[in-house]
file input-v2.csv (CSV, C-alpha atoms)
chain,number,residue,atom,x,y,z
P,1,MET,CA,72.4,-153.8,352.0
P,2,THR,CA,69.9,-151.5,353.6
P,3,VAL,CA,66.5,-150.7,352.2
P,4,PRO,CA,67.3,-147.0,351.6
P,5,ARG,CA,70.4,-148.0,349.7
P,6,ILE,CA,68.5,-150.5,347.6
P,7,LEU,CA,65.9,-147.8,346.8
P,8,ALA,CA,68.6,-145.4,345.8
P,9,ASN,CA,70.2,-148.0,343.5
P,10,VAL,CA,66.8,-148.6,341.9
P,11,LEU,CA,65.6,-145.0,341.6
P,12,TRP,CA,68.7,-143.2,340.4
P,13,PRO,CA,68.9,-145.0,337.0
P,14,LEU,CA,65.1,-144.5,336.5
P,15,ALA,CA,65.3,-140.8,337.4
P,16,ILE,CA,68.4,-140.0,335.2
P,17,MET,CA,67.0,-141.8,332.2
P,18,THR,CA,63.6,-140.1,332.6
P,19,VAL,CA,65.3,-136.7,332.7
P,20,ILE,CA,67.4,-137.5,329.6
P,21,HIS,CA,64.3,-138.7,327.8
P,22,ARG,CA,62.2,-135.6,328.7
P,23,VAL,CA,65.0,-133.2,327.7
P,24,LEU,CA,66.8,-134.8,324.8
P,25,ILE,CA,63.9,-136.7,323.2
P,26,ARG,CA,60.5,-135.3,324.1
P,27,ALA,CA,61.5,-131.7,324.4
P,28,VAL,CA,63.9,-131.6,321.4
P,29,ASN,CA,61.2,-133.4,319.3
P,30,GLY,CA,58.8,-130.7,320.3
P,31,SER,CA,55.1,-130.4,319.6
P,32,ILE,CA,52.5,-128.6,317.5
P,33,THR,CA,52.3,-126.2,320.5
P,34,ASN,CA,55.5,-124.2,320.4
P,35,ASP,CA,55.6,-121.3,322.9
P,36,PHE,CA,59.2,-120.5,322.1
P,37,GLY,CA,58.6,-119.7,318.4
P,38,THR,CA,56.7,-116.5,319.3
P,39,VAL,CA,59.4,-115.6,321.9
P,40,TYR,CA,62.2,-116.0,319.4
P,41,ALA,CA,60.5,-114.1,316.7
P,42,ALA,CA,59.5,-111.3,319.1
P,43,THR,CA,63.0,-110.9,320.6
P,44,ARG,CA,64.5,-110.8,317.1
P,45,ARG,CA,62.1,-108.0,316.1
P,46,PHE,CA,62.8,-106.3,319.4
P,47,LEU,CA,66.6,-106.3,318.8
P,48,ALA,CA,66.2,-105.2,315.2
P,49,GLY,CA,64.0,-102.2,316.2
P,50,GLU,CA,60.9,-103.6,314.5
P,51,PRO,CA,57.3,-103.8,315.9
P,52,VAL,CA,57.0,-106.6,318.5
P,53,TYR,CA,53.2,-106.6,319.2
P,54,SER,CA,52.1,-106.9,315.5
P,55,GLU,CA,50.6,-110.4,315.3
P,56,ASN,CA,47.0,-111.4,314.8
P,57,LEU,CA,45.5,-112.2,318.2
P,58,LEU,CA,42.4,-113.7,316.6
P,59,THR,CA,44.1,-117.0,315.7
P,60,VAL,CA,44.4,-120.0,318.1
P,61,GLN,CA,48.2,-120.2,317.7
P,62,PRO,CA,50.4,-119.3,320.6
P,63,HIS,CA,50.7,-115.6,320.9
P,64,TYR,CA,53.5,-113.4,322.3
P,65,LEU,CA,52.0,-111.9,325.5
P,66,TYR,CA,55.1,-110.8,327.4
P,67,ALA,CA,55.4,-107.2,328.6
P,68,PRO,CA,58.3,-105.1,327.3
P,69,SER,CA,60.1,-106.0,330.5
P,70,GLY,CA,59.8,-109.7,329.7
P,71,THR,CA,61.0,-109.0,326.1
P,72,LEU,CA,64.1,-107.3,327.5
P,73,VAL,CA,64.9,-110.2,329.9
P,74,LEU,CA,64.4,-112.8,327.1
P,75,SER,CA,66.2,-110.8,324.4
P,76,PRO,CA,69.5,-112.7,324.8
P,77,PHE,CA,67.9,-115.7,323.1
P,78,GLY,CA,67.1,-113.4,320.1
P,79,MET,CA,70.8,-112.7,319.7
P,80,ILE,CA,71.4,-116.3,318.6
P,81,ASP,CA,71.1,-116.5,314.8
P,82,SER,CA,70.1,-120.2,314.8
P,83,TYR,CA,66.5,-120.8,315.9
P,84,THR,CA,67.3,-124.5,316.7
P,85,ILE,CA,70.3,-123.7,318.9
P,86,ALA,CA,68.3,-120.9,320.7
P,87,ARG,CA,65.4,-123.3,321.3
P,88,TRP,CA,67.7,-126.1,322.6
P,89,LEU,CA,69.4,-123.6,324.9
P,90,PHE,CA,66.0,-122.4,326.2
P,91,ILE,CA,65.1,-126.1,327.0
P,92,LEU,CA,68.3,-126.7,328.8
P,93,VAL,CA,67.9,-123.5,330.9
P,94,ASN,CA,64.5,-124.5,332.0
P,95,ALA,CA,65.5,-128.1,332.7
P,96,ALA,CA,68.4,-126.9,334.8
P,97,ALA,CA,66.2,-124.4,336.6
P,98,ILE,CA,63.8,-127.2,337.5
P,99,ILE,CA,66.6,-129.4,338.9
P,100,VAL,CA,68.1,-126.5,340.9
P,101,ALA,CA,64.6,-125.7,342.3
P,102,LEU,CA,64.3,-129.4,343.4
P,103,TRP,CA,67.7,-129.1,345.1
P,104,LEU,CA,66.6,-126.0,347.0
P,105,LEU,CA,63.3,-127.7,348.0
P,106,MET,CA,65.3,-130.7,349.4
P,107,ARG,CA,67.4,-128.2,351.5
P,108,MET,CA,64.3,-126.4,352.6
P,109,PHE,CA,62.6,-129.7,353.7
P,110,ASN,CA,65.9,-131.0,355.3
P,111,LEU,CA,66.1,-133.9,353.0
P,112,ASP,CA,69.5,-135.5,352.4
P,113,ILE,CA,70.6,-135.2,348.8
P,114,ARG,CA,72.4,-138.5,349.2
P,115,SER,CA,69.3,-140.4,350.2
P,116,PHE,CA,66.8,-142.1,347.9
P,117,ALA,CA,64.6,-139.0,348.3
P,118,ALA,CA,66.6,-137.2,345.7
P,119,PRO,CA,66.1,-139.6,342.8
P,120,ALA,CA,62.5,-140.2,343.9
P,121,LEU,CA,61.7,-136.5,343.7
P,122,LEU,CA,63.5,-136.1,340.4
P,123,LEU,CA,61.7,-139.1,338.9
P,124,ALA,CA,58.3,-138.0,340.1
P,125,THR,CA,58.8,-134.4,339.0
P,126,PHE,CA,60.0,-135.1,335.5
P,127,SER,CA,57.2,-137.7,335.1
P,128,THR,CA,54.5,-135.0,335.6
P,129,GLU,CA,52.6,-133.4,332.7
P,130,ALA,CA,53.5,-130.0,334.2
P,131,VAL,CA,57.3,-130.5,333.7
P,132,THR,CA,57.0,-132.6,330.6
P,133,ASN,CA,54.9,-130.0,328.7
P,134,THR,CA,56.9,-127.1,330.1
P,135,LEU,CA,59.9,-128.6,328.3
P,136,VAL,CA,58.0,-130.0,325.2
P,137,PHE,CA,56.2,-126.7,324.6
P,138,THR,CA,59.5,-124.9,325.4
P,139,ASN,CA,57.9,-122.6,328.0
P,140,ILE,CA,59.5,-120.3,330.5
P,141,ASN,CA,57.7,-121.8,333.5
P,142,GLY,CA,60.8,-123.8,334.5
P,143,VAL,CA,62.5,-120.5,335.3
P,144,ILE,CA,59.4,-119.2,337.0
P,145,PHE,CA,59.3,-122.4,339.2
P,146,LEU,CA,62.9,-121.8,340.2
P,147,CYS,CA,62.1,-118.1,341.1
P,148,GLN,CA,59.1,-119.3,343.2
P,149,VAL,CA,61.2,-121.9,345.1
P,150,ALA,CA,64.1,-119.5,345.6
P,151,PHE,CA,61.7,-116.9,347.0
P,152,LEU,CA,60.3,-119.4,349.5
P,153,TYR,CA,63.7,-120.7,350.4
P,154,LEU,CA,65.2,-117.2,350.9
P,155,LEU,CA,62.2,-116.1,353.0
P,156,HIS,CA,62.7,-119.2,355.2
P,157,THR,CA,66.4,-118.5,355.6
P,158,ARG,CA,65.8,-114.8,356.3
P,159,ARG,CA,67.7,-113.6,353.3
P,160,LEU,CA,65.0,-111.1,352.7
P,161,TRP,CA,66.7,-108.8,350.2
P,162,TRP,CA,67.6,-111.8,348.0
P,163,ALA,CA,64.1,-113.1,348.2
P,164,GLY,CA,62.9,-109.8,346.6
P,165,VAL,CA,65.5,-110.4,343.8
P,166,ALA,CA,64.1,-113.9,343.1
P,167,ILE,CA,60.5,-112.8,342.8
P,168,GLY,CA,61.5,-109.6,341.1
P,169,VAL,CA,63.1,-111.4,338.2
P,170,SER,CA,60.0,-113.6,337.8
P,171,LEU,CA,57.7,-110.5,337.8
P,172,ALA,CA,59.9,-108.9,335.2
P,173,ILE,CA,59.1,-111.8,332.9
P,174,LYS,CA,55.5,-112.5,333.8
P,175,PRO,CA,53.3,-111.5,336.9
P,176,MET,CA,52.2,-115.0,337.8
P,177,LEU,CA,53.9,-115.0,341.2
P,178,ALA,CA,52.8,-111.5,342.3
P,179,PRO,CA,50.2,-112.9,344.7
P,180,LEU,CA,52.9,-114.6,346.7
P,181,LEU,CA,54.0,-111.2,348.0
P,182,ILE,CA,51.3,-111.6,350.6
P,183,LEU,CA,53.8,-113.9,352.5
P,184,PRO,CA,56.2,-111.2,353.5
P,185,LEU,CA,53.3,-108.8,353.9
P,186,ILE,CA,51.8,-111.0,356.5
P,187,ARG,CA,55.1,-111.2,358.3
P,188,ARG,CA,55.6,-107.4,358.0
P,189,GLN,CA,58.9,-107.9,356.1
P,190,TRP,CA,59.4,-104.9,353.8
P,191,GLN,CA,62.8,-105.8,352.4
P,192,PRO,CA,61.6,-108.2,349.7
P,193,PHE,CA,59.3,-105.5,348.3
P,194,VAL,CA,62.3,-103.3,347.3
P,195,ALA,CA,63.7,-105.6,344.6
P,196,ALA,CA,60.3,-107.1,343.9
P,197,LEU,CA,59.1,-103.7,342.7
P,198,ALA,CA,62.4,-102.2,341.5
P,199,ILE,CA,63.5,-105.0,339.2
P,200,PRO,CA,60.3,-105.2,337.1
P,201,ALA,CA,59.9,-101.5,337.1
P,202,ALA,CA,63.5,-100.9,335.8
P,203,ALA,CA,63.1,-103.7,333.2
P,204,MET,CA,59.8,-102.3,332.1
P,205,ALA,CA,61.2,-98.8,331.7
P,206,ALA,CA,64.2,-100.0,329.7
P,207,GLY,CA,62.1,-102.4,327.6
P,208,TRP,CA,59.4,-99.8,326.9
P,209,ALA,CA,62.1,-97.3,325.7
P,210,MET,CA,63.5,-99.9,323.3
P,211,THR,CA,60.2,-101.3,322.0
P,212,VAL,CA,59.0,-99.3,319.0
P,213,ASP,CA,55.4,-100.3,319.4
P,214,ALA,CA,55.3,-100.5,323.2
P,215,ARG,CA,51.9,-98.7,323.3
P,216,MET,CA,50.4,-101.7,321.5
P,217,TYR,CA,51.1,-103.8,324.5
P,218,LEU,CA,48.6,-101.8,326.5
P,219,ASP,CA,46.2,-101.2,323.6
P,220,ALA,CA,46.0,-104.7,322.2
P,221,THR,CA,47.8,-107.3,324.3
P,222,VAL,CA,46.5,-106.4,327.8
P,223,PRO,CA,42.8,-106.3,326.7
P,224,TYR,CA,43.4,-109.7,325.0
P,225,MET,CA,44.8,-111.2,328.2
P,226,GLY,CA,41.7,-110.0,330.0
P,227,GLU,CA,39.4,-112.0,327.7
P,228,VAL,CA,38.4,-115.6,328.4
P,229,ARG,CA,39.3,-118.0,325.6
P,230,ASP,CA,37.4,-121.2,325.0
P,231,TYR,CA,40.4,-123.5,324.1
P,232,TYR,CA,43.2,-124.9,326.2
P,233,ASN,CA,41.8,-123.1,329.2
P,234,SER,CA,41.3,-125.0,332.5
P,235,SER,CA,40.2,-122.0,334.5
P,236,ILE,CA,36.6,-122.0,335.8
P,237,ALA,CA,35.8,-119.2,333.3
P,238,GLY,CA,37.4,-121.0,330.4
P,239,LEU,CA,35.5,-124.2,331.2
P,240,GLY,CA,32.3,-122.2,331.5
P,241,VAL,CA,32.8,-120.6,328.1
P,242,TYR,CA,33.6,-124.0,326.5
P,243,TYR,CA,30.5,-125.7,327.9
P,244,GLY,CA,28.2,-122.7,327.5
P,245,VAL,CA,27.6,-122.3,331.3
P,246,PRO,CA,25.6,-119.1,332.0
P,247,GLU,CA,28.1,-116.3,332.9
P,248,PRO,CA,26.4,-115.4,336.3
P,249,LEU,CA,26.8,-119.0,337.4
P,250,THR,CA,30.5,-118.9,336.4
P,251,LEU,CA,30.9,-115.7,338.3
P,252,VAL,CA,29.4,-117.2,341.4
P,253,ALA,CA,31.7,-120.2,341.2
P,254,ARG,CA,34.8,-117.9,340.9
P,255,ILE,CA,33.6,-115.8,343.9
P,256,LEU,CA,33.2,-119.0,345.9
P,257,VAL,CA,36.8,-120.0,345.0
P,258,VAL,CA,38.1,-116.6,346.0
P,259,VAL,CA,36.3,-116.9,349.4
P,260,ALA,CA,37.6,-120.4,349.9
P,261,THR,CA,41.2,-119.4,349.1
P,262,LEU,CA,41.1,-116.4,351.5
P,263,LEU,CA,39.6,-118.5,354.2
P,264,ALA,CA,42.3,-121.2,353.8
P,265,VAL,CA,45.0,-118.6,353.8
P,266,TRP,CA,43.6,-117.1,357.1
P,267,LEU,CA,43.3,-120.6,358.7
P,268,LEU,CA,46.9,-121.3,357.7
P,269,LEU,CA,48.1,-118.4,359.8
P,270,ASP,CA,48.0,-120.9,362.7
P,271,TYR,CA,51.1,-122.5,361.3
P,272,ARG,CA,53.3,-119.5,360.5
P,273,HIS,CA,55.3,-119.5,363.8
P,274,ASN,CA,56.0,-123.2,364.6
P,275,ASN,CA,55.7,-124.8,361.1
P,276,GLU,CA,57.2,-122.2,358.9
P,277,VAL,CA,58.2,-124.4,355.9
P,278,LEU,CA,54.7,-125.9,356.0
P,279,TRP,CA,53.1,-122.5,356.2
P,280,LEU,CA,55.2,-121.0,353.3
P,281,THR,CA,54.8,-123.8,350.9
P,282,THR,CA,51.1,-124.6,351.6
P,283,THR,CA,50.0,-121.0,351.6
P,284,SER,CA,51.8,-120.3,348.3
P,285,GLY,CA,50.2,-123.4,346.8
P,286,VAL,CA,46.7,-122.5,348.0
P,287,ILE,CA,47.1,-119.0,346.6
P,288,LEU,CA,48.3,-120.2,343.3
P,289,THR,CA,45.6,-122.8,343.0
P,290,GLY,CA,43.0,-120.1,343.6
P,291,VAL,CA,44.7,-118.0,340.9
P,292,PHE,CA,44.7,-120.8,338.4
P,293,LEU,CA,40.9,-121.3,339.0
P,294,VAL,CA,39.7,-117.7,338.9
P,295,SER,CA,42.0,-116.1,336.3
P,296,THR,CA,41.0,-115.7,332.7
P,297,LEU,CA,43.5,-118.4,331.7
P,298,GLY,CA,44.6,-121.5,333.6
P,299,GLN,CA,46.6,-124.2,331.9
P,300,MET,CA,47.5,-127.6,333.3
P,301,TYR,CA,51.2,-127.2,333.2
P,302,TYR,CA,50.9,-124.2,335.6
P,303,SER,CA,50.7,-127.0,338.2
P,304,ILE,CA,54.5,-127.2,338.3
P,305,LEU,CA,54.1,-124.4,340.8
P,306,LEU,CA,52.2,-126.8,343.1
P,307,ILE,CA,55.2,-129.1,343.6
P,308,PRO,CA,56.3,-127.4,346.9
P,309,LEU,CA,52.8,-127.8,348.3
P,310,MET,CA,52.6,-131.5,347.5
P,311,MET,CA,56.1,-132.0,348.9
P,312,THR,CA,54.7,-131.1,352.3
P,313,VAL,CA,53.5,-134.7,352.5
P,314,VAL,CA,56.9,-135.5,354.3
P,315,LEU,CA,56.0,-133.1,357.1
P,316,ASP,CA,54.2,-134.1,360.2
P,317,ARG,CA,51.4,-131.5,360.1
P,318,SER,CA,51.0,-131.7,356.3
P,319,LEU,CA,47.5,-131.0,354.9
P,320,VAL,CA,48.0,-133.3,351.9
P,321,ARG,CA,48.3,-136.6,353.8
P,322,THR,CA,44.8,-137.7,352.6
P,323,TRP,CA,43.7,-139.7,349.6
P,324,PRO,CA,41.6,-136.8,348.1
P,325,ALA,CA,44.7,-134.6,347.9
P,326,TRP,CA,46.5,-137.2,345.8
P,327,LEU,CA,43.5,-137.9,343.7
P,328,ALA,CA,43.6,-134.2,343.0
P,329,ALA,CA,47.3,-134.5,342.2
P,330,TYR,CA,46.6,-137.3,339.7
P,331,ALA,CA,44.1,-135.0,338.0
P,332,PHE,CA,46.5,-132.1,337.5
P,333,PHE,CA,49.9,-133.9,337.4
P,334,PHE,CA,49.5,-137.0,335.4
P,335,PRO,CA,49.6,-136.9,331.6
P,336,ASP,CA,46.9,-139.5,331.0
P,337,ILE,CA,44.6,-138.8,328.1
P,338,TRP,CA,40.9,-139.4,328.9
P,339,GLU,CA,39.5,-139.4,325.3
P,340,SER,CA,37.3,-142.6,325.1
P,341,VAL,CA,36.2,-144.5,322.0
P,342,ARG,CA,33.5,-146.4,324.0
P,343,TRP,CA,32.2,-143.3,325.9
P,344,PRO,CA,33.2,-140.3,323.8
P,345,TYR,CA,31.1,-137.7,325.6
P,346,TYR,CA,32.2,-138.5,329.1
P,347,GLY,CA,35.8,-139.1,328.0
P,348,ARG,CA,35.9,-135.7,326.4
P,349,VAL,CA,34.4,-134.0,329.5
P,350,MET,CA,37.1,-135.6,331.6
P,351,GLU,CA,39.8,-134.7,329.2
P,352,PHE,CA,38.9,-131.0,329.3
P,353,ALA,CA,37.8,-130.8,332.9
P,354,HIS,CA,40.3,-132.9,334.9
P,355,PRO,CA,42.8,-130.2,335.7
P,356,THR,CA,40.0,-127.9,336.9
P,357,LEU,CA,38.5,-130.7,339.0
P,358,GLY,CA,41.9,-131.5,340.4
P,359,TRP,CA,42.6,-127.9,341.5
P,360,LEU,CA,39.1,-127.6,343.0
P,361,LEU,CA,39.5,-130.9,344.9
P,362,LEU,CA,42.9,-129.9,346.2
P,363,LEU,CA,41.7,-126.5,347.5
P,364,GLY,CA,38.6,-128.1,349.0
P,365,THR,CA,40.6,-130.9,350.7
P,366,ILE,CA,43.0,-128.4,352.3
P,367,LEU,CA,40.1,-126.2,353.5
P,368,VAL,CA,38.2,-129.1,355.0
P,369,VAL,CA,41.3,-130.4,356.8
P,370,LEU,CA,42.0,-126.9,358.2
P,371,LEU,CA,38.4,-126.5,359.4
P,372,TRP,CA,38.5,-129.9,360.9
P,373,ARG,CA,41.7,-129.2,362.8
P,374,ARG,CA,40.3,-125.8,363.9
P,375,THR,CA,37.4,-127.6,365.6
P,376,ASP,CA,39.6,-130.3,367.1
P,377,PRO,CA,40.1,-129.6,370.8
P,378,ASP,CA,43.4,-131.6,370.8
P,379,ARG,CA,45.1,-129.5,368.1
P,380,HIS,CA,48.3,-128.0,369.3
P,381,GLU,CA,49.9,-126.3,366.3
P,382,ARG,CA,48.8,-122.7,367.0
P,383,ILE,CA,51.2,-120.4,368.8
P,384,ALA,CA,50.2,-117.1,370.2
P,385,PRO,CA,51.6,-114.0,368.5
P,386,ALA,CA,53.6,-113.1,371.6
P,387,ALA,CA,55.6,-116.4,371.3
P,388,SER,CA,56.5,-115.8,367.7
P,389,PRO,CA,60.2,-115.3,366.8
P,390,ALA,CA,61.3,-111.8,366.0
call {"tool": "encode", "arguments": {"input": "input-v2.csv", "output": "structure tokens"}}
result
Amino acid sequence: MTVPRILANVLWPLAIMTVIHRVLIRAVNGSITNDFGTVYAATRRFLAGEPVYSENLLTVQPHYLYAPSGTLVLSPFGMIDSYTIARWLFILVNAAAIIVALWLLMRMFNLDIRSFAAPALLLATFSTEAVTNTLVFTNINGVIFLCQVAFLYLLHTRRLWWAGVAIGVSLAIKPMLAPLLILPLIRRQWQPFVAALAIPAAAMAAGWAMTVDARMYLDATVPYMGEVRDYYNSSIAGLGVYYGVPEPLTLVARILVVVATLLAVWLLLDYRHNNEVLWLTTTSGVILTGVFLVSTLGQMYYSILLIPLMMTVVLDRSLVRTWPAWLAAYAFFFPDIWESVRWPYYGRVMEFAHPTLGWLLLLGTILVVLLWRRTDPDRHERIAPAASPA
């Protein structure tokens, strides 16, 4: 029996049981944090013609922050009379979306679904904090992850209209993936922008017309999302508020991250012609890492969107084939709790800061590797614009 066959026999049972455990046990058991509770209540009020944006935003409980377009898209879950059944269905939809996204990634990276790579990827993905808490907290990020991967895959296969549909659906729910539109913009591909703008615009118009207190979304919810909260917030601003860092210093740190992100995106342009998969996945990961760090809210389970970036390790010119990149991955992927009985202060610092440190280390590692390759006279990955494909 060959080594790949042995690995497949070993990894498939581990992967399948891990998925079953995360979905049927961890997710169904749930947690104190329940993102779906607010979604279900809001969509029920939406369908009943009652105010949607009427909750008290001063509490630390999960709040309903979706725009009227997102309310419209999620409203089918409010049609289910049983909260439990609706929640279980929401979990299954997100779990299925994650699995489909992994299948698309394997196709994008030319990995054989029949090889041991399939169970290895499934096991690694469902072992992360990002996927586990997406399911346990019953969050929509599994669907957003599928939209991201579908967008990248369809851009790569030149199905540009459908790429716009994929990202348009995600933008109708939440605007998290909007910065990725820079990818077709760089390549001067206008087709994705049609559906990417039309779908959320149409959903917003319809949702706004059907929401009795739609104006409250602009008057109360949007200003709240612009504030920096000091709990469960791994962004630079959130960490600064939690530890009392002077605001000017936090602002300087955020500006430096923006500069580093833009510089990395510019340097990555060298790869867009002859390493397209590497360019698409790495650039999207760099952009999203920068967004997590500089936005008003960054949560560790957002790291699910960095899976395509970390998968580039299988590519020859990957920028994450270094130990600092995987030290970073440990910081934002692994669910280890760093609270310490022996060293309570340092343990608490690590517990709150390790996702932020991981994102910073990943961004810094990629930028350093890019700069090093730029100064290497033997590098050969850059292709002149004239040689690029149509």
call {"tool": "closest_residue", "arguments": {"input": "input-v2.csv", "among": "P:Tyr232, P:Tyr302, P:Trp161, P:Trp208", "to": "Thr33 in chain P", "atoms": "only C-alpha atoms"}}
result
P:Tyr232
call {"tool": "atom_distance", "arguments": {"input": "input-v2.csv", "atom1": "CA of Trp323 in chain P", "atom2": "CA of Arg342 in chain P"}}
result
28.4 Å
call {"tool": "closest_residue", "arguments": {"input": "input-v2.csv", "among": "P:Asn34, P:Ser54, P:Asn29, P:Ser69", "to": "Thr138 in chain P", "atoms": "all atoms listed in the file"}}
result
P:Asn34
call {"tool": "residues_around", "arguments": {"input": "input-v2.csv", "residues": "Val313 in chain P", "least_positions_apart": "6", "cutoff": "12 Å", "atoms": "all atoms listed in the file", "output": "number ranges by chain"}}
result
P: 109, 277-278, 281-282, 307, 319-323, 325-326
call {"tool": "atom_distance", "arguments": {"input": "input-v2.csv", "atom1": "CA of Ala101 in chain P", "atom2": "CA of Ala15 in chain P"}}
result
15.9 Å
call {"tool": "residues_around", "arguments": {"input": "input-v2.csv", "residues": "Leu363 in chain P", "least_positions_apart": "5", "cutoff": "8 Å", "atoms": "all atoms listed in the file", "output": "list in words"}}
result
Ala260, Thr261, Val286, Thr289 and Gly290 of chain P
call {"tool": "closest_atom_pairs", "arguments": {"input": "input-v2.csv", "of": "range 85-152 of chain P", "to": "range 162-176 of chain P", "cutoff": "7 Å", "atoms": "all atoms listed in the file", "output": "JSON lines"}}
result
{"residue": "P:Ile144", "atom": "CA", "partner": "P:Ser170", "partner_atom": "CA", "distance": 5.7}
{"residue": "P:Cys147", "atom": "CA", "partner": "P:Ala166", "partner_atom": "CA", "distance": 5.1}
{"residue": "P:Gln148", "atom": "CA", "partner": "P:Ile167", "partner_atom": "CA", "distance": 6.7}
{"residue": "P:Ala150", "atom": "CA", "partner": "P:Ala166", "partner_atom": "CA", "distance": 6.1}
{"residue": "P:Phe151", "atom": "CA", "partner": "P:Ala163", "partner_atom": "CA", "distance": 4.7}
call {"tool": "closest_residue", "arguments": {"input": "input-v2.csv", "among": "P:Leu185, P:Met216, P:Ala124, P:Val3", "to": "Phe334 in chain P", "atoms": "only C-alpha atoms"}}
result
P:Ala124
call {"tool": "atom_distance", "arguments": {"input": "input-v2.csv", "atom1": "CA of Val252 in chain P", "atom2": "CA of Leu269 in chain P"}}
result
26.3 Å
call {"tool": "residues_around", "arguments": {"input": "input-v2.csv", "residues": "range 237-251 of chain P", "least_positions_apart": "2", "cutoff": "8 Å", "atoms": "only C-alpha atoms", "output": "ChimeraX atom specification"}}
result
/P:228-231,233-235,253-255,293-298,352-353
call {"tool": "write_last_selection", "arguments": {"input": "input-v2.csv", "atoms": "C-alpha atoms", "output": "mmCIF file, in the coordinates of the input"}}
result
data_model
loop_
_atom_site.group_PDB
_atom_site.id
_atom_site.type_symbol
_atom_site.label_atom_id
_atom_site.label_comp_id
_atom_site.auth_asym_id
_atom_site.auth_seq_id
_atom_site.Cartn_x
_atom_site.Cartn_y
_atom_site.Cartn_z
ATOM 1 C CA VAL P 228 38.400 -115.600 328.400
ATOM 2 C CA ARG P 229 39.300 -118.000 325.600
ATOM 3 C CA ASP P 230 37.400 -121.200 325.000
ATOM 4 C CA TYR P 231 40.400 -123.500 324.100
ATOM 5 C CA ASN P 233 41.800 -123.100 329.200
ATOM 6 C CA SER P 234 41.300 -125.000 332.500
ATOM 7 C CA SER P 235 40.200 -122.000 334.500
ATOM 8 C CA ALA P 253 31.700 -120.200 341.200
ATOM 9 C CA ARG P 254 34.800 -117.900 340.900
ATOM 10 C CA ILE P 255 33.600 -115.800 343.900
ATOM 11 C CA LEU P 293 40.900 -121.300 339.000
ATOM 12 C CA VAL P 294 39.700 -117.700 338.900
ATOM 13 C CA SER P 295 42.000 -116.100 336.300
ATOM 14 C CA THR P 296 41.000 -115.700 332.700
ATOM 15 C CA LEU P 297 43.500 -118.400 331.700
ATOM 16 C CA GLY P 298 44.600 -121.500 333.600
ATOM 17 C CA PHE P 352 38.900 -131.000 329.300
ATOM 18 C CA ALA P 353 37.800 -130.800 332.900
#
call {"tool": "closest_residue", "arguments": {"input": "input-v2.csv", "among": "P:Ile85, P:Ala48, P:Ala178, P:Leu11", "to": "Leu197 in chain P", "atoms": "all atoms listed in the file"}}
result
P:Ala178
call {"tool": "closest_residue", "arguments": {"input": "input-v2.csv", "among": "P:Val259, P:Ala195, P:Val136, P:Leu177", "to": "Trp88 in chain P", "atoms": "all atoms listed in the file"}}
result
P:Val136
call {"tool": "decode", "arguments": {"input": "input-v2.csv", "residues": "range 233-259 of chain P", "atoms": "C-alpha atoms", "output": "mmCIF file, in the first residue's frame"}}
result
data_model
loop_
_atom_site.group_PDB
_atom_site.id
_atom_site.type_symbol
_atom_site.label_atom_id
_atom_site.label_comp_id
_atom_site.auth_asym_id
_atom_site.auth_seq_id
_atom_site.Cartn_x
_atom_site.Cartn_y
_atom_site.Cartn_z
ATOM 1 C CA ASN P 233 -12.556 43.069 19.620
ATOM 2 C CA SER P 234 -9.189 42.008 18.191
ATOM 3 C CA SER P 235 -8.702 44.993 15.896
ATOM 4 C CA ILE P 236 -5.879 47.407 16.700
ATOM 5 C CA ALA P 237 -8.409 50.021 17.794
ATOM 6 C CA GLY P 238 -10.253 47.517 19.989
ATOM 7 C CA LEU P 239 -7.053 46.350 21.651
ATOM 8 C CA GLY P 240 -6.003 49.974 22.143
ATOM 9 C CA VAL P 241 -9.267 50.872 23.872
ATOM 10 C CA TYR P 242 -9.125 47.761 26.069
ATOM 11 C CA TYR P 243 -5.590 48.494 27.279
ATOM 12 C CA GLY P 244 -5.981 52.275 27.423
ATOM 13 C CA VAL P 245 -3.438 53.013 24.670
ATOM 14 C CA PRO P 246 -3.438 56.740 23.733
ATOM 15 C CA GLU P 247 -5.651 57.274 20.693
ATOM 16 C CA PRO P 248 -2.947 59.062 18.614
ATOM 17 C CA LEU P 249 -0.659 56.043 19.025
ATOM 18 C CA THR P 250 -3.455 53.691 17.960
ATOM 19 C CA LEU P 251 -4.126 55.898 14.944
ATOM 20 C CA VAL P 252 -0.459 55.783 13.922
ATOM 21 C CA ALA P 253 -0.488 51.980 14.191
ATOM 22 C CA ARG P 254 -3.594 51.755 12.011
ATOM 23 C CA ILE P 255 -2.058 54.067 9.401
ATOM 24 C CA LEU P 256 1.109 51.947 9.314
ATOM 25 C CA VAL P 257 -0.993 48.825 8.737
ATOM 26 C CA VAL P 258 -2.819 50.535 5.866
ATOM 27 C CA VAL P 259 0.531 51.534 4.313
#
